[in-house]
Amino acid sequence: MRQNAYCPHPEHQPTHLPSSPRAAATSTLPPAHVRHECPDCGIPVACSEAHFADTYDQHLEICDLLRQINEDDHDLHSGRFFPEFEYPDASIEEAQINMQNWDTLLFTREFTAVNDERSMRQVTRLLTYPITIGSILHELSPYSIKRNGRLTSEGLRSLSALRYTLHPPRTGAGITIAGLRPNPPPVRLFILGARAESSLPREVWLQLSHLFPRVAFHLIFIGPEALANRPDDVAPPPTPGNPFSAVVEDRLGGQMKISTYATVFEALHQAQHFAPYDPYFDAFVLFHPGLGHPASSASWAPTLPILLDTKIPVICTGYTEFDMQRDIDWVKEQGGGEVDFLLEPGENRFRSLRWEVNDLDPGDVSAGNWGVWGFRGKRYEADRYEEKRATQLKRMKIPNGRSLVNDPPYLVTSAESLVAAQHYITFPAAEHRLCETSLRLHFPRASREYISPSPYPSCRHTNPHPNPLKHPHLFPSRRRLRETDEALRLRDPGQYAQIIGP
């Protein structure tokens, strides 16, 4: 930190953009590295004792957190045995999982009892990545559409599709020949901009598959820094079967596969490497992406339209509320109204309980996956004409597939309903004439007000009071109406069955 961090005193010229909202100040002195340590937290926070005294009031707000961070770092390097890093295997399916908070989750998953707060902070620092995903996708998720549940109606639609796949019914599969059953494809989780999460111990990621014991997972880490913290993993040379030099780890626990691509997502998408995308089997996850950060927003600009076009849910996290809100504002601005929010922004129930300090700014304190939110490309639904026609008939109490005239028990009971039926239903010439005739027979006074000149030549008339003797085709008998229906049936049986009924 002494080599990277600079004194945050307002008299020094700033060296980087602020990670939290601060008031602008006049700067006259050049940047200076931190050298003076706080006697309480033991972390260098200023370049001199004078500047430390000037900013002591601001430092007191985070001094206790900085002391806690310093003690946790020393605990990791103390060499003690860490029983909290021993993870349990899969539980029996009858054992329900309680995902209200960390305590209930660790208890129902039968973790080794963690009775120390420092040990709790250490274990949640790693488990926050898989459990954050599982807490949103699981059917027992703490996020719902209830009041203050944060899940939106669009989010329920997207997550319902994924939960249908993640919680399949029992099929009677077994280890014998009689128990062979076809298996669905694995659920693909695309973790874009992967950094530290790609280097987590694989036992940590297996906890995600233990939450969904009947489903296989394929975790796909994509990002230029995906292999930065993995010196032992070297990308293989490109081959016809592996053109993008992916590092593949297969058969992890029997239900998980991990692939790592040290490239950008746009290149893989343009090559149709993962196409097609299925909302029942795919989801995107962005851990601390920095979408709205000025230093990284340009690299995310070509990726956002692709994410919106796939209509696949995107789960995002943020270090702080300021970082998360900055990303949301950027997505709203770049999305141009084509964004549906699935999960309202807020604090993540399974965030890391351990705080971290920025090595470039000792005043910047954050927690891993502190906040979580979700979005998806806007979907436009199209109604089929037949479904709309059936809905209108049901509203007007007209059984679908019945003739308006040839079936007396199903005649409409008002002139307005009959005119509405004529407006919403497309009739051929014969049926259009029957509709007008029925209105004149049963509602002669209302017919002069509602009926307009027919678009069909055989039905046009200008006399508002037609004479039955001069215009017998407008006042046919019941027998004549049945003959008209029979003529339509003989001329076009398919149209007759579709409009009038069998």
# chains A, B, ... in the order shown; residues from 1 in each chain; ligands from 1

$ residues_around --residues "Lys257 (chain A)" --least-positions-apart "2" --cutoff "7 Å" --atoms "only C-alpha atoms" --output "PyMOL selection string"
chain A and resi 217-219+249-252+259

$ residues_around --residues "region 236-239 of chain A" --least-positions-apart "3" --cutoff "12 Å" --atoms "only C-alpha atoms" --output "list in words"
Asp233, Asn242, Pro243, Phe244, Ser245, Ala246, Val247, Val248, Thr260, Tyr261 and Ala262 of chain A

$ closest_atom_pairs --of "region 101-141 of chain A" --to "region 307-316 of chain A" --cutoff "12 Å" --atoms "only C-alpha atoms" --output "CSV"
residue,atom,partner,partner_atom,distance
A:Tyr129,CA,A:Cys316,CA,11.3
A:Thr132,CA,A:Ile315,CA,9.5
A:Ile133,CA,A:Ile315,CA,8.0
A:Gly134,CA,A:Ile315,CA,11.2
A:Ser135,CA,A:Ile315,CA,11.4
A:Ile136,CA,A:Ile315,CA,8.7
A:Leu137,CA,A:Ile315,CA,10.1

$ write_last_selection --atoms "N, CA and C atoms" --output "JSON list (two decimals), in the first residue's frame"
[["chain", "number", "residue", "atom", "x", "y", "z"],
["A", 129, "TYR", "N", -19.60, -16.00, -3.82],
["A", 129, "TYR", "CA", -19.76, -16.09, -5.28],
["A", 129, "TYR", "C", -20.76, -17.17, -5.68],
["A", 132, "THR", "N", -24.37, -16.47, -3.94],
["A", 132, "THR", "CA", -25.13, -15.35, -4.50],
["A", 132, "THR", "C", -25.93, -15.79, -5.73],
["A", 133, "ILE", "N", -25.29, -16.60, -6.59],
["A", 133, "ILE", "CA", -26.01, -17.12, -7.75],
["A", 133, "ILE", "C", -27.13, -18.05, -7.32],
["A", 134, "GLY", "N", -26.82, -18.97, -6.41],
["A", 134, "GLY", "CA", -27.83, -19.93, -5.99],
["A", 134, "GLY", "C", -28.99, -19.29, -5.26],
["A", 135, "SER", "N", -28.74, -18.23, -4.50],
["A", 135, "SER", "CA", -29.84, -17.59, -3.75],
["A", 135, "SER", "C", -30.84, -16.92, -4.67],
["A", 136, "ILE", "N", -30.44, -16.55, -5.87],
["A", 136, "ILE", "CA", -31.36, -15.92, -6.82],
["A", 136, "ILE", "C", -32.08, -16.96, -7.66],
["A", 137, "LEU", "N", -31.38, -18.01, -8.05],
["A", 137, "LEU", "CA", -31.97, -19.00, -8.95],
["A", 137, "LEU", "C", -32.79, -20.06, -8.22]]

$ residues_around --residues "region 278-295 of chain A" --least-positions-apart "3" --cutoff "9 Å" --atoms "only C-alpha atoms" --output "number ranges by chain"
A: 17, 129, 133, 158-166, 185-195, 197, 275, 298-301, 307, 310-319, 323-331, 368-369

$ select_by_dssp --residues "region 42-182 of chain A" --states "strand (DSSP E or B)" --output "number ranges by chain"
A: 44-46, 144, 150-151

$ write_last_selection --atoms "C-alpha atoms" --output "compact mmCIF listing (two decimals), in the first residue's frame"
# COMPACT_ATOMS: atom_id res chain seq x y z
CA PRO A 44 -0.89 4.00 6.50
CA VAL A 45 -3.51 6.58 5.62
CA ALA A 46 -1.63 9.91 5.12
CA SER A 144 -39.81 -12.75 -4.26
CA ARG A 150 -37.32 -6.89 -4.75
CA LEU A 151 -38.22 -9.38 -7.50

$ closest_residue --among "A:His77, A:Arg125, A:Lys378, A:Arg109" --to "Glu94 (chain A)" --atoms "only C-alpha atoms"
A:Arg109

$ residues_around --residues "Ile43 (chain A)" --least-positions-apart "6" --cutoff "8 Å" --atoms "only C-alpha atoms" --output "PyMOL selection string"
chain A and resi 37+66-67+70+362

$ closest_residue --among "A:His74, A:Glu61, A:Glu203, A:Leu140" --to "Gly42 (chain A)" --atoms "only C-alpha atoms"
A:His74

$ atom_distance --atom1 "CA of Ser209 (chain A)" --atom2 "CA of Leu76 (chain A)"
27.1 Å

$ select_by_dssp --residues "region 208-314 of chain A" --states "alpha helix (DSSP H)" --output "count of residues only"
22

$ closest_atom_pairs --of "region 283-375 of chain A" --to "region 265-271 of chain A" --cutoff "8 Å" --atoms "only C-alpha atoms" --output "JSON lines"
{"residue": "A:Pro302", "atom": "CA", "partner": "A:Glu266", "partner_atom": "CA", "distance": 7.3}
{"residue": "A:Thr303", "atom": "CA", "partner": "A:Glu266", "partner_atom": "CA", "distance": 6.3}
{"residue": "A:Ile306", "atom": "CA", "partner": "A:Glu266", "partner_atom": "CA", "distance": 7.9}

$ closest_residue --among "A:Gln68, A:Thr124, A:Gln3, A:Ser141" --to "Cys41 (chain A)" --atoms "only C-alpha atoms"
A:Gln68

$ residues_around --residues "Ala367 (chain A)" --least-positions-apart "2" --cutoff "6 Å" --atoms "only C-alpha atoms" --output "list in words"
Tyr319, Ser352, Trp355, Glu356 and Trp370 of chain A
